[in-house]
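Student: Pasting upload34.cif here (mmCIF, C-alpha atoms):
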data_target
loop_
_atom_site.label_atom_id
_atom_site.label_comp_id
_atom_site.auth_asym_id
_atom_site.auth_seq_id
_atom_site.Cartn_x
_atom_site.Cartn_y
_atom_site.Cartn_z
CA MET A 6 7.59 -259.27 15.13
CA ARG A 7 8.34 -261.86 12.49
CA PRO A 8 11.93 -262.12 11.20
CA ALA A 9 12.70 -260.64 7.79
CA PRO A 10 13.13 -263.17 4.96
CA LEU A 11 16.53 -263.71 3.37
CA ASP A 12 15.38 -262.40 -0.01
CA ARG A 13 13.74 -259.07 -0.78
CA ASP A 14 10.47 -258.44 1.07
CA ASP A 15 7.82 -255.78 0.37
CA GLU A 16 7.71 -254.81 4.06
CA PHE A 17 11.42 -254.96 4.98
CA GLY A 18 13.05 -254.40 1.58
CA TRP A 19 16.51 -255.95 1.35
CA GLY A 20 17.09 -255.94 5.11
CA ILE A 21 17.86 -253.81 8.14
CA ILE A 22 21.16 -251.94 8.53
CA ASN A 23 23.20 -252.18 11.70
CA ALA A 24 23.86 -248.44 12.17
CA ARG A 25 27.01 -248.80 14.27
CA LYS A 26 28.63 -251.30 11.90
CA ALA A 27 27.67 -249.11 8.95
CA VAL A 28 29.39 -246.09 10.52
CA GLU A 29 32.48 -248.09 11.39
CA THR A 30 32.66 -249.45 7.86
CA ALA A 31 32.23 -245.99 6.35
CA LEU A 32 35.04 -244.66 8.54
CA ALA A 33 37.38 -247.51 7.68
CA SER A 34 40.68 -246.29 6.26
CA GLY A 35 42.65 -247.78 3.42
CA ASP A 36 44.43 -250.21 5.75
CA GLY A 37 41.10 -251.65 6.87
CA THR A 38 40.97 -250.06 10.35
CA ALA A 39 38.18 -247.77 11.49
CA GLY A 40 39.04 -244.21 12.47
CA PRO A 41 37.69 -242.78 15.72
CA ALA A 42 34.34 -240.98 15.91
CA LEU A 43 32.26 -239.57 18.75
CA SER A 44 28.77 -240.90 19.47
CA LEU A 45 26.25 -238.94 21.57
CA SER A 46 23.21 -240.33 23.38
CA THR A 47 21.14 -237.32 22.26
CA GLY A 48 21.34 -234.27 20.04
CA THR A 49 18.93 -232.10 22.06
CA LEU A 50 18.28 -231.44 25.74
CA ASN A 51 14.93 -229.72 26.37
CA PHE A 52 14.54 -228.42 29.93
CA GLN A 53 11.17 -226.83 29.16
CA VAL A 54 9.84 -224.72 32.07
CA PHE A 55 10.86 -226.40 35.32
CA THR A 56 13.36 -229.19 34.57
CA ARG A 57 16.69 -228.39 36.19
CA GLU A 58 18.87 -231.37 35.31
CA LEU A 59 19.30 -233.74 32.35
CA GLU A 60 22.04 -236.12 31.23
CA PHE A 61 23.85 -237.24 28.10
CA THR A 62 26.64 -239.69 27.28
CA VAL A 63 29.69 -239.38 25.03
CA ASP A 64 30.99 -242.66 23.57
CA LEU A 65 33.85 -243.43 21.19
CA LEU A 66 33.52 -245.41 17.97
CA GLY A 67 36.75 -246.89 16.68
CA ASP A 68 39.96 -248.25 18.15
CA GLU A 69 42.20 -245.17 18.44
CA PRO A 70 42.06 -243.42 21.84
CA VAL A 71 41.01 -239.76 22.00
CA ASN A 72 40.45 -237.21 24.73
CA VAL A 73 37.43 -234.90 24.63
CA THR A 74 36.62 -231.50 26.08
CA VAL A 75 33.02 -230.44 26.77
CA THR A 76 32.15 -226.72 26.82
CA THR A 77 28.99 -224.57 26.81
CA ASP A 78 28.40 -221.20 25.18
CA GLU A 79 25.99 -219.71 27.76
CA PRO A 80 26.60 -219.01 31.47
CA TRP A 81 23.19 -220.39 32.53
CA VAL A 82 24.02 -223.94 31.41
CA ASN A 83 26.71 -226.13 32.96
CA ALA A 84 27.88 -229.64 31.96
CA THR A 85 29.94 -231.77 34.34
CA GLN A 86 30.82 -235.43 34.80
CA PRO A 87 29.41 -237.04 37.97
CA THR A 88 32.38 -239.39 37.81
CA PRO A 89 35.23 -237.68 35.93
CA THR A 90 37.17 -239.78 33.42
CA ALA A 91 40.71 -239.19 32.19
CA ASP A 92 39.66 -239.03 28.52
CA GLY A 93 36.43 -237.06 29.09
CA LEU A 94 34.24 -239.84 27.71
CA GLY A 95 31.20 -241.12 29.55
CA GLN A 96 28.18 -239.64 31.30
CA TYR A 97 27.57 -235.90 31.73
CA ARG A 98 25.07 -234.09 33.94
CA VAL A 99 23.70 -230.80 32.61
CA ASN A 100 22.19 -228.17 34.91
CA VAL A 101 20.47 -224.92 34.02
CA GLU A 102 20.14 -221.84 36.23
CA ARG A 103 17.09 -219.65 35.63
CA ALA A 104 17.71 -217.16 38.45
CA GLY A 105 18.17 -213.65 37.13
CA LEU A 106 16.86 -214.43 33.63
CA THR A 107 13.84 -212.62 32.24
CA PRO A 108 10.82 -214.67 31.11
CA ASP A 109 11.62 -215.96 27.62
CA ARG A 110 12.76 -219.01 25.65
CA TYR A 111 16.51 -219.62 25.70
CA SER A 112 18.88 -221.79 23.68
CA ALA A 113 22.51 -222.79 24.06
CA THR A 114 25.00 -225.23 22.57
CA ILE A 115 27.16 -227.85 24.25
CA THR A 116 30.27 -228.56 22.18
CA ILE A 117 32.27 -231.78 22.40
CA ASP A 118 35.79 -231.40 20.92
CA ALA A 119 38.37 -234.15 20.51
CA ASP A 120 42.13 -233.68 20.70
CA ASP A 121 42.42 -235.53 17.36
CA PRO A 122 41.70 -233.10 14.48
CA ALA A 123 40.49 -236.02 12.38
CA VAL A 124 37.56 -236.55 14.77
CA LEU A 125 34.54 -234.40 13.97
CA THR A 126 33.32 -231.98 16.63
CA ARG A 127 29.86 -232.84 17.96
CA THR A 128 27.25 -230.52 19.45
CA ILE A 129 24.10 -230.78 21.57
CA SER A 130 21.33 -228.17 21.44
CA VAL A 131 20.00 -226.98 24.80
CA LEU A 132 16.49 -225.52 25.08
CA MET A 133 15.11 -223.88 28.20
CA GLU A 134 12.21 -221.61 29.13
CA VAL A 135 11.78 -219.10 31.92
CA ALA A 136 8.08 -218.69 32.69
CA SER A 137 6.47 -215.51 33.91
CA THR A 138 4.49 -215.79 37.14
CA ASP A 139 1.73 -213.22 37.41
CA VAL A 140 1.15 -212.48 41.11
CA ASP A 141 -2.49 -211.72 40.27
CA ALA A 142 -3.00 -214.83 38.12
CA ASP A 143 -5.92 -216.97 39.24
CA ALA A 144 -7.43 -219.58 36.93
CA GLY A 145 -9.91 -220.69 39.53
CA GLN A 146 -10.08 -223.76 41.72
CA HIS A 147 -7.64 -226.50 40.66
CA TYR A 148 -7.53 -230.22 41.33
CA VAL A 149 -4.08 -231.77 41.78
CA ILE A 150 -4.12 -235.51 41.10
CA LEU A 151 -1.83 -238.48 40.71
CA VAL A 152 -2.67 -240.72 37.74
CA ASP A 153 -1.49 -244.25 37.06
CA PRO A 154 0.95 -244.52 34.11
CA GLU A 155 -1.84 -245.77 31.80
CA GLY A 156 -3.95 -242.70 32.58
CA GLU A 157 -6.95 -244.81 33.57
CA GLU A 158 -7.21 -244.24 37.33
CA SER A 159 -6.52 -241.26 39.58
CA LEU A 160 -6.23 -240.86 43.33
CA SER A 161 -5.20 -238.38 46.04
CA ALA A 162 -7.05 -235.44 44.53
CA GLN A 163 -6.53 -232.16 46.33
CA ILE A 164 -8.45 -228.93 45.75
CA VAL A 165 -6.20 -225.84 45.73
CA THR A 166 -6.67 -222.11 45.11
CA ALA A 167 -4.22 -219.51 43.87
CA VAL A 168 -2.08 -217.37 46.18
CA ASN A 169 0.21 -214.87 44.42
CA GLY A 170 -0.09 -216.78 41.16
CA GLU A 171 0.79 -220.15 42.66
CA TYR A 172 -1.20 -223.20 43.76
CA THR A 173 0.65 -224.87 46.63
CA PHE A 174 -0.23 -228.52 47.19
CA SER A 175 0.77 -231.49 49.33
CA LEU A 176 -0.48 -235.01 48.51
CA ARG A 177 -0.16 -237.27 51.53
CA ASP A 178 -0.73 -240.95 52.27
CA VAL A 179 0.01 -242.00 48.69
CA PRO A 180 0.24 -245.76 48.08
CA PRO A 181 3.66 -246.92 46.83
CA GLY A 182 3.75 -247.11 43.06
CA GLU A 183 4.37 -245.18 39.85
CA TYR A 184 2.29 -242.16 38.89
CA ARG A 185 2.03 -239.10 36.68
CA LEU A 186 1.18 -235.77 38.32
CA PHE A 187 -1.52 -233.53 36.81
CA ALA A 188 -3.42 -230.38 37.81
CA GLY A 189 -6.36 -228.67 36.18
CA THR A 190 -9.80 -227.15 36.52
CA ASP A 191 -13.21 -228.81 36.38
CA LEU A 192 -15.26 -225.85 35.17
CA ASP A 193 -18.27 -227.96 34.12
CA ASN A 194 -18.21 -229.99 37.37
CA ASP A 195 -18.24 -233.34 35.53
CA ASN A 196 -15.46 -234.86 37.69
CA PHE A 197 -13.00 -234.61 34.80
CA ILE A 198 -10.17 -232.06 34.61
CA CYS A 199 -8.36 -231.00 31.45
CA ASP A 200 -11.48 -231.03 29.28
CA GLY A 201 -11.36 -228.73 26.26
CA GLY A 202 -11.34 -225.11 27.45
CA GLU A 203 -10.19 -226.00 30.97
CA ALA A 204 -6.81 -225.25 32.53
CA CYS A 205 -4.39 -228.17 32.57
CA GLY A 206 -0.80 -228.93 33.48
CA ALA A 207 1.50 -231.86 34.24
CA PHE A 208 4.92 -232.41 35.79
CA PRO A 209 7.35 -231.48 34.33
CA SER A 210 5.31 -230.49 31.26
CA LEU A 211 1.99 -231.36 29.65
CA SER A 212 3.72 -232.59 26.49
CA SER A 213 5.96 -235.02 28.41
CA PRO A 214 4.46 -236.00 31.78
CA ALA A 215 7.11 -237.87 33.75
CA ILE A 216 6.58 -241.04 35.76
CA ILE A 217 7.12 -240.42 39.49
CA SER A 218 8.08 -243.35 41.73
CA VAL A 219 6.56 -243.17 45.21
CA ASP A 220 7.94 -245.39 47.96
CA ALA A 221 8.37 -244.16 51.54
CA ARG A 222 10.95 -246.87 52.17
CA GLN A 223 13.23 -245.16 49.65
CA GLN A 224 12.23 -241.52 50.17
CA ALA A 225 9.83 -240.22 52.81
CA GLU A 226 8.83 -237.12 50.86
CA LEU A 227 9.13 -235.88 47.28
CA SER A 228 9.52 -232.19 46.59
CA GLU A 229 10.22 -229.70 43.77
CA GLN A 230 7.33 -231.03 41.69
CA ASP A 231 6.81 -227.58 40.13
CA PHE A 232 4.99 -227.11 36.83
CA VAL A 233 2.73 -224.77 34.86
CA SER A 234 -1.04 -224.99 34.36
CA GLU A 235 -2.56 -223.14 31.43
CA PHE A 236 -5.77 -223.04 29.44
CA ARG A 237 -5.89 -225.23 26.34
CA THR A 238 -8.39 -225.84 23.57
CA THR A 239 -7.98 -229.65 23.79
CA ALA A 240 -8.08 -232.20 26.57
CA THR A 241 -5.30 -234.54 27.64
CA THR A 242 -4.69 -237.89 29.25
CA THR A 243 -1.87 -240.41 29.05
CA ALA A 244 -1.73 -243.70 27.20
CA ALA A 245 0.15 -246.81 28.26
CA GLY A 246 3.76 -246.58 27.15
CA ALA A 247 3.31 -243.07 25.77
CA SER A 248 6.21 -240.67 26.13
CA ALA A 249 3.96 -237.62 25.71
CA ALA A 250 0.40 -236.66 26.44
CA ASP A 251 -2.24 -238.26 24.23
CA PHE A 252 -5.02 -235.73 23.61
CA ARG A 253 -8.63 -236.88 23.61
CA ASP A 254 -12.06 -235.55 24.54
CA ASP A 255 -12.77 -237.06 27.96
CA GLY A 256 -10.07 -235.37 30.07
CA LEU A 257 -8.76 -236.93 33.29
CA ARG A 258 -11.14 -238.40 35.83
CA VAL A 259 -10.87 -236.93 39.34
CA SER A 260 -11.31 -239.49 42.11
CA LYS A 261 -12.65 -237.50 45.04
CA ALA A 262 -12.61 -240.43 47.46
CA PRO A 263 -9.74 -240.37 50.01
CA ALA A 264 -6.82 -242.71 49.50
CA GLY A 265 -6.52 -245.80 51.70
CA GLU A 266 -3.67 -246.97 53.91
CA THR A 267 -0.64 -245.34 52.33
CA ASP A 268 2.80 -244.03 53.12
CA ASP A 269 4.27 -241.23 51.06
CA ALA A 270 3.77 -237.68 49.86
CA THR A 271 4.59 -235.47 46.92
CA THR A 272 4.65 -231.74 47.41
CA GLU A 273 5.29 -228.41 45.78
CA ARG A 274 3.44 -225.93 43.62
CA VAL A 275 1.67 -225.28 40.34
CA HIS A 276 2.32 -221.97 38.61
CA GLU A 277 -0.53 -220.37 36.69
CA GLN A 278 0.02 -218.84 33.25
CA ARG A 279 -2.56 -216.86 31.36
#
Rewrite the structure of this file - the entire thing - as structure tokens.
Tutor:
Amino acid sequence: MRPAPLDRDDEFGWGIINARKAVETALASGDGTAGPALSLSTGTLNFQVFTRELEFTVDLLGDEPVNVTVTTDEPWVNATQPTPTADGLGQYRVNVERAGLTPDRYSATITIDADDPAVLTRTISVLMEVASTDVDADAGQHYVILVDPEGEESLSAQIVTAVNGEYTFSLRDVPPGEYRLFAGTDLDNDNFICDGGEACGAFPSLSSPAIISVDARQQAELSEQDFVSEFRTTATTTAAGASAADFRDDGLRVSKAPAGETDDATTERVHEQR
């Protein structure tokens, strides 16, 4: 990217604002010192269907020390510090508990209060879904595949069938590397899953397929790779650097050849929704 010129430019305007310095300047009091303010790493935590744990960070802007208290307004969400700090600032780990909740979409609020009344209270929205598992659900034969982060090559395909609404899978002898995990049907037998009209799912969700690191030297087996597969009207694959699925017409290629000399596994189950 080329640097912005010193004078006004049609692309950059008069320049780019340093957000942190702008906030500190805006909070500056009459004596020229900046008052304290809380900064959060995110305003929303979306656990979707199967994510159990996410993190956020609380930082302090300004020079005056403050202590913060973090609370939640729902019993199914809990926020704790992996390494507690005296002032409550720093990293927080948020866990959700779906056990005992009926299938539905849920929301909660994490509140961050400071002991200085001049410091504004901050909040984080928490979103979570409890999926229904139909014991009779069966969307037909599924392929479970690992795809490279660019979505151009797949390997370790396994064919699975539904038992009590779940497709249990175990991918073994996976070469060390980074992958995304998908499952779907190939109803037209064209060696592509997730075509339009076919069932499709990804870990932890189709909208945000996560990158999974596989290395037997670090971890011999990966587990709890649970996610939902459902029928869609569009196809999906992933693009390089994309943070969410990029929909297009050609689906995901299924490589039905066995993997070579490899050394890891990823296991768990796909839940079927209909």
Student: For the structure shown, which residues end up in the PyMOL selection byres ((chain A and resi 185) around 10)? Put them as a tab-separated table (two decimals) with C-alpha atoms, in the coordinates of the input, please?
Tutor:
chain	number	residue	atom	x	y	z
A	150	ILE	CA	-4.12	-235.51	41.10
A	151	LEU	CA	-1.83	-238.48	40.71
A	152	VAL	CA	-2.67	-240.72	37.74
A	153	ASP	CA	-1.49	-244.25	37.06
A	154	PRO	CA	0.95	-244.52	34.11
A	155	GLU	CA	-1.84	-245.77	31.80
A	156	GLY	CA	-3.95	-242.70	32.58
A	159	SER	CA	-6.52	-241.26	39.58
A	183	GLU	CA	4.37	-245.18	39.85
A	184	TYR	CA	2.29	-242.16	38.89
A	186	LEU	CA	1.18	-235.77	38.32
A	187	PHE	CA	-1.52	-233.53	36.81
A	207	ALA	CA	1.50	-231.86	34.24
A	208	PHE	CA	4.92	-232.41	35.79
A	209	PRO	CA	7.35	-231.48	34.33
A	214	PRO	CA	4.46	-236.00	31.78
A	215	ALA	CA	7.11	-237.87	33.75
A	216	ILE	CA	6.58	-241.04	35.76
A	217	ILE	CA	7.12	-240.42	39.49
A	218	SER	CA	8.08	-243.35	41.73
A	243	THR	CA	-1.87	-240.41	29.05
Student: Separation of CA of Gly93 (chain A) and CA of Val63 (chain A), in Å?
Tutor: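 Spanning CA of Gly93 (chain A) to CA of Val63 (chain A) is a straight-line distance of 8.2 Å.
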Student: Quick one: residues within 7 Å of Thr116 (chain A), all atoms listed in the file counted, chain neighbours fewer than 2 positions away excluded, as a list in words?
Tutor: Val75, Thr76, Thr77, Thr114, Asp118, Arg127, Thr128 and Ile129 of chain A
Student: For a test of reading the model, state the distance in Å between CA of Glu79 (chain A) and CA of Ala113 (chain A), rounded to one decimal.
Tutor: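 CA of Glu79 (chain A) sits 5.9 Å away from CA of Ala113 (chain A).
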Student: Could you check which of A:Asp121, A:Glu58, A:Glu69, A:Asp64 is closest to Val99 (chain A), using all atoms listed in the file?
Tutor: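 Comparing A:Asp121, A:Glu58, A:Glu69, A:Asp64 against Val99 (chain A), the winner is A:Glu58.
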Student: Using the chain letters and numbers from this file, what does the PyMOL selection byres ((chain A and resi 44) around 12) select? Give the answer as JSON, numbers by chain.
Tutor: {"A": [24, 25, 28, 29, 41, 42, 43, 45, 46, 47, 48, 61, 62, 63, 64, 65, 66, 67, 73, 94, 95, 96, 117, 118, 119, 124, 125, 126, 127, 128, 129]}
Student: Output C-alpha atoms of each residue in that selection to a file, as an mmCIF file, in the frame of the given file.
Tutor:
data_model
loop_
_atom_site.group_PDB
_atom_site.id
_atom_site.type_symbol
_atom_site.label_atom_id
_atom_site.label_comp_id
_atom_site.auth_asym_id
_atom_site.auth_seq_id
_atom_site.Cartn_x
_atom_site.Cartn_y
_atom_site.Cartn_z
ATOM 1 C CA ALA A 24 23.860 -248.440 12.170
ATOM 2 C CA ARG A 25 27.010 -248.800 14.270
ATOM 3 C CA VAL A 28 29.390 -246.090 10.520
ATOM 4 C CA GLU A 29 32.480 -248.090 11.390
ATOM 5 C CA PRO A 41 37.690 -242.780 15.720
ATOM 6 C CA ALA A 42 34.340 -240.980 15.910
ATOM 7 C CA LEU A 43 32.260 -239.570 18.750
ATOM 8 C CA LEU A 45 26.250 -238.940 21.570
ATOM 9 C CA SER A 46 23.210 -240.330 23.380
ATOM 10 C CA THR A 47 21.140 -237.320 22.260
ATOM 11 C CA GLY A 48 21.340 -234.270 20.040
ATOM 12 C CA PHE A 61 23.850 -237.240 28.100
ATOM 13 C CA THR A 62 26.640 -239.690 27.280
ATOM 14 C CA VAL A 63 29.690 -239.380 25.030
ATOM 15 C CA ASP A 64 30.990 -242.660 23.570
ATOM 16 C CA LEU A 65 33.850 -243.430 21.190
ATOM 17 C CA LEU A 66 33.520 -245.410 17.970
ATOM 18 C CA GLY A 67 36.750 -246.890 16.680
ATOM 19 C CA VAL A 73 37.430 -234.900 24.630
ATOM 20 C CA LEU A 94 34.240 -239.840 27.710
ATOM 21 C CA GLY A 95 31.200 -241.120 29.550
ATOM 22 C CA GLN A 96 28.180 -239.640 31.300
ATOM 23 C CA ILE A 117 32.270 -231.780 22.400
ATOM 24 C CA ASP A 118 35.790 -231.400 20.920
ATOM 25 C CA ALA A 119 38.370 -234.150 20.510
ATOM 26 C CA VAL A 124 37.560 -236.550 14.770
ATOM 27 C CA LEU A 125 34.540 -234.400 13.970
ATOM 28 C CA THR A 126 33.320 -231.980 16.630
ATOM 29 C CA ARG A 127 29.860 -232.840 17.960
ATOM 30 C CA THR A 128 27.250 -230.520 19.450
ATOM 31 C CA ILE A 129 24.100 -230.780 21.570
#
Student: For CA of Arg110 (chain A) and CA of Glu134 (chain A), quote the distance in Å rounded to one decimal.
Tutor: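 Distance reported for this atom pair: 4.4 Å.
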Student: Measuring between only C-alpha atoms, which one of A:Glu226, A:Trp81, A:Ser112, A:Ile164 shows the shortest distance to Val179 (chain A)?
Tutor: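 Ranking A:Glu226, A:Trp81, A:Ser112, A:Ile164 by distance to Val179 (chain A), first place goes to A:Glu226.
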Student: Calculated over all atoms listed in the file, which of the candidates A:Pro181, A:Ser130, A:Phe55, A:Gly145 has the smallest distance to Ala167 (chain A)?
Tutor: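 Of A:Pro181, A:Ser130, A:Phe55, A:Gly145, the one nearest Ala167 (chain A) is A:Gly145, counting all atoms listed in the file.
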Student: Restricting the calculation to all atoms listed in the file, which member of A:Gln53, A:Asn169, A:Ser234, A:Asn83 is positioned closest to Glu102 (chain A)?
Tutor: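 For Glu102 (chain A), the nearest of the candidates is A:Asn83.
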